[in-house]
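Trainee: Take a look at my_file.tsv, TSV, C-alpha atoms and all ligand atoms:
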chain	number	residue	atom	x	y	z
A	255	MET	CA	0.00	0.00	0.00
A	256	SER	CA	1.45	3.42	-0.95
A	257	LEU	CA	0.99	5.70	2.00
A	258	ARG	CA	1.76	9.33	2.76
A	259	CYS	CA	3.16	9.97	6.21
A	260	LEU	CA	3.71	13.23	8.05
A	261	ILE	CA	6.17	13.15	10.95
A	262	THR	CA	7.19	15.90	13.36
A	263	ALA	CA	10.48	15.66	15.22
A	264	GLY	CA	12.82	17.47	17.57
A	265	PRO	CA	12.26	20.30	20.00
A	266	THR	CA	10.88	23.77	19.41
A	267	ARG	CA	12.46	27.00	20.65
A	268	GLU	CA	10.49	29.86	22.15
A	269	PHE	CA	12.48	33.07	22.24
A	270	LEU	CA	12.69	35.56	25.09
A	271	ASP	CA	14.96	37.77	22.99
A	272	PRO	CA	17.18	37.14	19.92
A	273	VAL	CA	19.77	35.19	21.94
A	274	ARG	CA	17.73	33.38	24.62
A	275	PHE	CA	15.06	30.73	24.30
A	276	VAL	CA	13.13	28.05	26.19
A	277	SER	CA	13.43	24.53	24.78
A	278	ASN	CA	13.93	20.91	25.85
A	279	PRO	CA	16.55	18.15	25.40
A	280	SER	CA	14.86	16.41	22.43
A	281	THR	CA	17.41	15.50	19.73
A	282	GLY	CA	14.93	14.35	17.07
A	283	LYS	CA	16.47	10.87	16.83
A	284	MET	CA	13.18	8.98	17.19
A	285	GLY	CA	11.37	11.09	14.60
A	286	TYR	CA	14.23	10.85	12.12
A	287	ALA	CA	14.45	7.06	12.68
A	288	LEU	CA	10.72	6.82	11.99
A	289	ALA	CA	11.04	8.91	8.84
A	290	ALA	CA	13.80	6.59	7.56
A	291	ALA	CA	11.78	3.49	8.49
A	292	ALA	CA	8.64	4.82	6.80
A	293	ARG	CA	10.64	5.64	3.68
A	294	ALA	CA	12.19	2.14	3.74
A	295	ALA	CA	8.63	0.76	3.84
A	296	GLY	CA	7.94	2.62	0.58
A	297	TRP	CA	5.90	5.44	2.10
A	298	THR	CA	6.10	9.07	0.97
A	299	VAL	CA	7.42	10.99	3.96
A	300	ASP	CA	7.20	14.65	4.97
A	301	LEU	CA	9.28	15.48	8.05
A	302	VAL	CA	8.65	18.73	9.93
A	303	SER	CA	11.69	19.20	12.09
A	304	GLY	CA	12.61	21.49	14.93
A	305	PRO	CA	16.30	22.44	15.29
A	306	VAL	CA	18.37	19.24	15.46
A	307	SER	CA	21.86	18.13	14.37
A	308	LEU	CA	20.92	15.10	12.30
A	309	PRO	CA	21.45	14.38	8.60
A	310	GLU	CA	18.33	14.45	6.44
A	311	PRO	CA	17.09	10.89	5.83
A	312	ASP	CA	17.36	9.87	2.16
A	313	GLY	CA	14.23	10.36	0.12
A	314	VAL	CA	12.42	12.35	2.81
A	315	MET	CA	11.17	15.93	2.38
A	316	VAL	CA	12.39	17.89	5.40
A	317	TYR	CA	10.68	21.13	6.47
A	318	PRO	CA	12.76	22.96	9.11
A	319	VAL	CA	10.92	25.04	11.71
A	320	ILE	CA	11.96	26.63	14.98
A	321	THR	CA	8.98	27.66	17.10
A	322	ALA	CA	5.77	25.84	18.04
A	323	ALA	CA	3.77	28.35	16.01
A	324	GLU	CA	5.90	27.63	12.92
A	325	MET	CA	5.58	23.89	13.52
A	326	LEU	CA	1.79	24.21	13.69
A	327	ARG	CA	1.68	26.26	10.48
A	328	GLN	CA	3.91	23.85	8.53
A	329	THR	CA	2.30	20.67	9.86
A	330	ASP	CA	-1.16	22.05	9.18
A	331	ALA	CA	-0.15	22.87	5.59
A	332	LEU	CA	0.96	19.25	5.01
A	333	PHE	CA	-1.81	17.52	6.99
A	334	GLY	CA	-4.57	17.32	4.35
A	335	PRO	CA	-3.08	14.68	2.04
A	336	CYS	CA	-1.39	12.59	4.73
A	337	ASP	CA	-2.64	9.11	5.69
A	338	VAL	CA	-0.64	8.94	8.91
A	339	LEU	CA	0.48	11.72	11.27
A	340	ILE	CA	3.17	10.78	13.80
A	341	MET	CA	3.89	13.55	16.31
A	342	THR	CA	7.22	12.75	17.92
A	343	ALA	CA	8.14	16.42	18.31
A	344	ALA	CA	8.70	17.70	21.84
A	345	VAL	CA	6.70	20.86	21.30
A	346	SER	CA	7.28	23.54	23.90
A	347	ASP	CA	4.09	24.02	25.92
A	348	TRP	CA	4.80	27.65	26.78
A	349	ARG	CA	6.43	30.65	25.18
A	350	PRO	CA	7.45	33.95	26.75
A	351	LYS	CA	4.49	36.29	26.50
A	352	VAL	CA	6.81	38.97	25.20
A	353	SER	CA	9.66	38.21	22.81
A	354	HIS	CA	11.96	41.23	22.99
A	355	PRO	CA	13.34	42.41	19.63
A	356	GLN	CA	16.74	43.34	21.14
A	357	LYS	CA	18.98	41.48	23.57
A	358	LEU	CA	17.87	42.11	27.15
A	359	LYS	CA	20.69	43.70	29.12
A	360	LYS	CA	21.46	42.31	32.55
A	361	THR	CA	20.77	44.59	35.45
A	362	GLY	CA	22.18	42.60	38.36
A	363	GLU	CA	18.59	41.90	39.41
A	364	GLY	CA	16.56	38.70	38.98
A	365	LEU	CA	14.18	38.32	36.05
A	366	SER	CA	10.57	37.15	36.07
A	367	VAL	CA	9.21	36.02	32.75
A	368	GLU	CA	5.55	35.58	32.00
A	369	PHE	CA	4.71	32.62	29.76
A	370	GLU	CA	1.66	31.92	27.65
A	371	PRO	CA	0.60	28.53	26.30
A	372	THR	CA	1.56	27.50	22.77
A	373	GLU	CA	-0.94	25.85	20.45
A	374	ASP	CA	-1.44	22.09	20.89
A	375	ILE	CA	-0.65	20.90	17.38
A	376	LEU	CA	-1.92	17.33	17.71
A	377	ALA	CA	-5.19	18.36	19.36
A	378	THR	CA	-5.73	21.13	16.79
A	379	LEU	CA	-5.22	18.80	13.82
A	380	ALA	CA	-7.30	16.03	15.43
A	381	ARG	CA	-10.27	18.37	15.48
A	382	ARG	CA	-10.18	18.67	11.69
A	383	ARG	CA	-9.05	15.18	10.77
A	384	ARG	CA	-10.70	12.84	8.31
A	385	PRO	CA	-11.82	9.49	9.76
A	386	ASP	CA	-9.47	7.58	7.43
A	387	GLN	CA	-6.37	9.36	8.77
A	388	LEU	CA	-4.36	7.66	11.51
A	389	LEU	CA	-3.06	10.00	14.23
A	390	VAL	CA	-0.25	8.85	16.48
A	391	GLY	CA	1.03	10.89	19.41
A	392	PHE	CA	4.07	10.39	21.61
A	393	ALA	CA	3.72	10.87	25.35
A	394	ALA	CA	6.90	11.96	27.10
A	395	GLU	CA	6.42	11.13	30.78
A	396	THR	CA	8.58	11.10	33.89
A	397	GLU	CA	6.04	9.21	36.06
A	398	ASN	CA	2.78	7.23	35.80
A	399	LEU	CA	3.74	6.48	32.20
A	400	GLU	CA	0.70	4.59	30.96
A	401	ALA	CA	-1.97	6.45	32.93
A	402	HIS	CA	-0.69	9.82	31.78
A	403	ALA	CA	-0.30	8.59	28.19
A	404	LEU	CA	-3.85	7.23	28.11
A	405	ALA	CA	-5.20	10.52	29.44
A	406	LYS	CA	-3.35	12.31	26.59
A	407	LEU	CA	-4.69	9.89	23.99
A	408	ASP	CA	-8.18	10.83	25.06
A	409	ARG	CA	-7.59	14.54	25.54
A	410	LYS	CA	-5.90	15.02	22.17
A	411	GLY	CA	-8.17	12.81	20.08
A	412	ALA	CA	-5.36	10.64	18.64
A	413	ASP	CA	-5.85	7.01	17.60
A	414	LEU	CA	-2.69	5.75	19.23
A	415	ILE	CA	-0.16	7.10	21.67
A	416	ALA	CA	3.38	5.83	22.16
A	417	ALA	CA	4.20	6.12	25.86
A	418	ASN	CA	7.83	7.07	26.23
A	419	SER	CA	9.70	7.39	29.50
A	420	VAL	CA	11.91	10.47	29.68
A	421	ALA	CA	12.78	9.97	33.36
A	422	GLY	CA	16.36	9.91	34.58
A	423	PRO	CA	19.67	9.55	32.73
A	424	HIS	CA	18.37	6.53	30.71
A	425	GLY	CA	15.23	8.29	29.47
A	426	ALA	CA	14.47	8.63	25.78
A	427	PHE	CA	15.82	12.17	25.26
A	428	GLY	CA	19.08	11.95	23.33
A	429	SER	CA	19.43	8.20	23.79
A	430	ASP	CA	20.06	5.79	20.90
A	431	GLN	CA	17.82	3.27	22.64
A	432	ASN	CA	14.13	3.40	23.33
A	433	LYS	CA	11.17	1.42	24.56
A	434	LEU	CA	7.63	2.40	23.58
A	435	ILE	CA	4.34	1.24	24.95
A	436	LEU	CA	1.87	1.72	22.13
A	437	LEU	CA	-1.61	2.34	23.52
A	438	GLY	CA	-4.87	2.61	21.63
A	439	ARG	CA	-8.54	2.83	22.30
A	440	ASP	CA	-10.38	-0.32	23.43
A	441	GLY	CA	-7.41	-1.52	25.48
A	442	PHE	CA	-4.96	-1.98	22.59
A	443	ARG	CA	-1.46	-2.29	24.09
A	444	GLU	CA	1.81	-3.38	22.55
A	445	VAL	CA	5.35	-3.01	23.82
A	446	LEU	CA	8.00	-2.12	21.23
A	447	GLY	CA	11.59	-2.61	22.34
A	448	PRO	CA	13.66	-1.96	24.29
A	449	GLY	CA	16.09	-1.68	21.43
A	450	ALA	CA	17.91	0.70	19.12
A	451	LYS	CA	15.70	3.61	18.06
A	452	ASN	CA	16.05	2.45	14.43
A	453	ALA	CA	14.73	-1.01	15.30
A	454	VAL	CA	11.91	0.35	17.47
A	455	ALA	CA	10.99	2.77	14.68
A	456	ALA	CA	10.86	-0.06	12.12
A	457	SER	CA	8.58	-2.06	14.46
A	458	LEU	CA	6.25	0.91	14.89
A	459	ILE	CA	6.00	1.48	11.13
A	460	THR	CA	5.27	-2.25	10.59
A	461	ARG	CA	2.56	-2.09	13.24
A	462	LEU	CA	0.98	1.05	11.72
A	463	ALA	CA	1.05	-0.50	8.23
A	464	ALA	CA	-0.79	-3.55	9.59
A	465	LEU	CA	-3.40	-1.36	11.30
A	466	LEU	CA	-3.97	0.65	8.13
A	467	ALA	CA	-4.23	-2.50	6.02
A	468	ALA	CA	-6.79	-3.94	8.45
A	469	ARG	CA	-8.81	-0.71	8.29
A	470	ALA	CA	-8.79	-0.75	4.48
A	471	ARG	CA	-10.24	-4.27	4.40
B	501	LIG	N1	2.10	18.08	21.32
B	501	LIG	C1	1.59	18.98	20.40
B	501	LIG	N2	1.55	20.32	20.70
B	501	LIG	C2	1.99	20.77	21.89
B	501	LIG	C3	2.51	19.85	22.86
B	501	LIG	C4	2.55	18.52	22.53
B	501	LIG	O1	1.19	18.56	19.31
B	501	LIG	N3	1.94	22.07	22.16
B	501	LIG	C5	2.10	16.65	20.97
B	501	LIG	C6	3.46	15.99	21.01
B	501	LIG	O2	4.11	16.06	19.77
B	501	LIG	C7	3.12	14.57	21.40
B	501	LIG	C8	1.88	14.71	22.26
B	501	LIG	O3	1.32	15.98	21.92
B	501	LIG	O4	2.76	13.78	20.28
B	501	LIG	C9	2.15	14.65	23.75
B	501	LIG	O5	3.18	15.57	24.07
B	501	LIG	P1	3.77	15.67	25.54
B	501	LIG	O6	4.83	16.67	25.56
B	501	LIG	O7	4.04	14.28	26.05
B	501	LIG	O8	2.51	16.15	26.36
B	501	LIG	P2	1.87	17.56	26.61
B	501	LIG	O9	0.67	17.68	25.75
B	501	LIG	O10	2.90	18.61	26.44
B	501	LIG	O11	1.38	17.43	28.11
B	501	LIG	P3	2.24	17.51	29.50
B	501	LIG	O12	3.29	18.57	29.27
B	501	LIG	O13	1.22	17.89	30.49
B	501	LIG	O14	2.83	16.15	29.72
Starting from the file, give its structure as C-alpha cells.
Mentor:
Amino acid sequence: MSLRCLITAGPTREFLDPVRFVSNPSTGKMGYALAAAARAAGWTVDLVSGPVSLPEPDGVMVYPVITAAEMLRQTDALFGPCDVLIMTAAVSDWRPKVSHPQKLKKTGEGLSVEFEPTEDILATLARRRRPDQLLVGFAAETENLEAHALAKLDRKGADLIAANSVAGPHGAFGSDQNKLILLGRDGFREVLGPGAKNAVAASLITRLAALLAARAR
C-alpha cells in the first residue's frame, strides 16, 4: 500500500529575545528514525523538524521550523493529504508572552518572565481530521507512564499514543535506545523494544502498516 506519512520531530524553541530561548533536550532521533523506516517501507514521507543536528534521511522531504507556532503552520499545511500523522516532536508548551526584539541587558537583578501557552498541534489537527487518517502521538512522561499517556490519547483525540519514558539519565531524550508502549482505544497495548531507536521505529512502522491495512479491508 502506498501511504503518505507526516512526521514531526525534535524540539521547538520559544524566544525571550534574539539570543535566549526556552526549549527541551529532544534531539529528534526517534522522529528521524521513523522517517527513515517509513521511507524504507515505501511510504512518501514529509518530516517537519525542529532544530536538530541530524542528517536528512534519504528520500524524505524535510521542512525545518523553529517555534511551536511555525511547527503548527507547517504541519497544518501538510496535513490534508497525509494518511498517517506521527507527532514525535517535543513541542514547547509555553512561550514567553513577550519576545523582545533586542537582547535584554542584565541589570544585576533577577528576572521574572511571563509565559503563555503555545498551540497544541496534535489536538488542533485532530479536530479537523478525516476518519481515514491515523493520528499517532508520543507521550513523554517522567512518572505514571501509561496512565498519563492514556489521558493524553483521550484529551488530544489521537488514535494511538506511544508512551515514552523520559525519566532519569536513561530516558528517551538523546538516547540511541528506546522502549515504547503503544496504547490505543479499546485496550490496545503493545510493547515495542527496548532496542535501538532504528529497530523500534521499524517495528512501529510495521505495526501502523498492519493497522492501516486492516482498516482498508
Ligand atoms: N504536542 C503537540 N503540541 C503541543 C505539545 C505537545 O502537538 N503544544 C504533541 C506531542 O508532539 C506529542 C503529544 O502531543 O505527540 C504529547 O506531548 P507531551 O509533551 O508528552 O505532552 P503535553 O501535551 O505537552 O502534556 P504535558 O506537558 O502535560 O505532559
Trainee: Dump as CSV the rows for residues of range 328-348 of chain A within 12 Å of range 449-460 of chain A: closest atom pair and distance in Å with one decimal, only C-alpha atoms counted, ordered by chain and rising residue number.
Mentor:
residue,atom,partner,partner_atom,distance
A:Val338,CA,A:Ile459,CA,10.2
A:Leu339,CA,A:Ile459,CA,11.6
A:Ile340,CA,A:Ile459,CA,10.1
A:Thr342,CA,A:Ala455,CA,11.1
Trainee: Kindly indicate which residue among A:Leu434, A:Ala416, A:Leu462, A:Leu376 lies nearest to ligand LIG 501 (chain B), using only C-alpha atoms and all ligand atoms for the distances.
Mentor: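 Of A:Leu434, A:Ala416, A:Leu462, A:Leu376, the one nearest ligand LIG 501 (chain B), counting only C-alpha atoms and all ligand atoms, is A:Leu376.
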Trainee: List every protein, DNA or RNA residue that has at least one atom no more than 12 Å from (-0.7, 12.5, 28.3) in the file's coordinates, counting all atoms listed in the file, and write the result as a ChimeraX atom specification.
Mentor: /A:376-377,391-412,414-419,437
Trainee: Would you mind exporting C-alpha atoms of the selected residues as an mmCIF file, in the frame of the given file?
Mentor:
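Written file, result37.cif:
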data_model
loop_
_atom_site.group_PDB
_atom_site.id
_atom_site.type_symbol
_atom_site.label_atom_id
_atom_site.label_comp_id
_atom_site.auth_asym_id
_atom_site.auth_seq_id
_atom_site.Cartn_x
_atom_site.Cartn_y
_atom_site.Cartn_z
ATOM 1 C CA LEU A 376 -1.920 17.330 17.710
ATOM 2 C CA ALA A 377 -5.190 18.360 19.360
ATOM 3 C CA GLY A 391 1.030 10.890 19.410
ATOM 4 C CA PHE A 392 4.070 10.390 21.610
ATOM 5 C CA ALA A 393 3.720 10.870 25.350
ATOM 6 C CA ALA A 394 6.900 11.960 27.100
ATOM 7 C CA GLU A 395 6.420 11.130 30.780
ATOM 8 C CA THR A 396 8.580 11.100 33.890
ATOM 9 C CA GLU A 397 6.040 9.210 36.060
ATOM 10 C CA ASN A 398 2.780 7.230 35.800
ATOM 11 C CA LEU A 399 3.740 6.480 32.200
ATOM 12 C CA GLU A 400 0.700 4.590 30.960
ATOM 13 C CA ALA A 401 -1.970 6.450 32.930
ATOM 14 C CA HIS A 402 -0.690 9.820 31.780
ATOM 15 C CA ALA A 403 -0.300 8.590 28.190
ATOM 16 C CA LEU A 404 -3.850 7.230 28.110
ATOM 17 C CA ALA A 405 -5.200 10.520 29.440
ATOM 18 C CA LYS A 406 -3.350 12.310 26.590
ATOM 19 C CA LEU A 407 -4.690 9.890 23.990
ATOM 20 C CA ASP A 408 -8.180 10.830 25.060
ATOM 21 C CA ARG A 409 -7.590 14.540 25.540
ATOM 22 C CA LYS A 410 -5.900 15.020 22.170
ATOM 23 C CA GLY A 411 -8.170 12.810 20.080
ATOM 24 C CA ALA A 412 -5.360 10.640 18.640
ATOM 25 C CA LEU A 414 -2.690 5.750 19.230
ATOM 26 C CA ILE A 415 -0.160 7.100 21.670
ATOM 27 C CA ALA A 416 3.380 5.830 22.160
ATOM 28 C CA ALA A 417 4.200 6.120 25.860
ATOM 29 C CA ASN A 418 7.830 7.070 26.230
ATOM 30 C CA SER A 419 9.700 7.390 29.500
ATOM 31 C CA LEU A 437 -1.610 2.340 23.520
#
Trainee: Given all atoms listed in the file as the basis, pick out the residue of A:Pro311, A:Pro371, A:Pro385, A:Pro335 nearest to ligand LIG 501 (chain B).
Mentor: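 Between A:Pro311, A:Pro371, A:Pro385, A:Pro335, the residue approaching ligand LIG 501 (chain B) most closely is A:Pro371.
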Trainee: Could you list, as JSON, numbers by chain, every residue within 7 Å of range 256-258 of chain A, counting all atoms listed in the file and ignoring same-chain residues fewer than 4 positions away?
Mentor: {"A": [296, 297, 298, 299, 336, 337, 338]}
Trainee: Name the closest residue to ligand LIG 501 (chain B) among the candidates A:Ser346, A:Ser366, A:Thr266, A:Gln387; distances are taken between atoms, counting only C-alpha atoms and all ligand atoms.
Mentor: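 Of A:Ser346, A:Ser366, A:Thr266, A:Gln387, the one nearest ligand LIG 501 (chain B), counting only C-alpha atoms and all ligand atoms, is A:Ser346.
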Trainee: Hey, can you check how far CA of Asn278 in chain A sits from CA of His354 in chain A?
Mentor: 20.6 Å
Trainee: Between CA of Cys259 in chain A and CA of Leu379 in chain A, measure the distance and give it in Å to one decimal.
Mentor: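 We find that CA of Cys259 in chain A and CA of Leu379 in chain A lie 14.4 Å from each other.
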Trainee: Would you mind reading off the distance between CA of Leu446 in chain A and CA of Ser307 in chain A, one decimal, in Å?
Mentor: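 These atoms are spaced 25.5 Å apart.
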Trainee: Which residue is closest to ligand LIG 501 (chain B)? Choose from A:Pro265, A:Gly428, A:Gly364, A:Gly334 and count all atoms listed in the file.
Mentor: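 For ligand LIG 501 (chain B), the nearest of the given residues is A:Pro265.
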Trainee: For range 329-333 of chain A, list every protein, DNA or RNA residue within 10 Å, evaluated using all atoms listed in the file, and leave out those in the same chain fewer than 6 positions away; present the list as a PyMOL selection string.
Mentor: chain A and resi 258-262+300-303+317+319+323+339+341+375-376+378-379+382-383+387
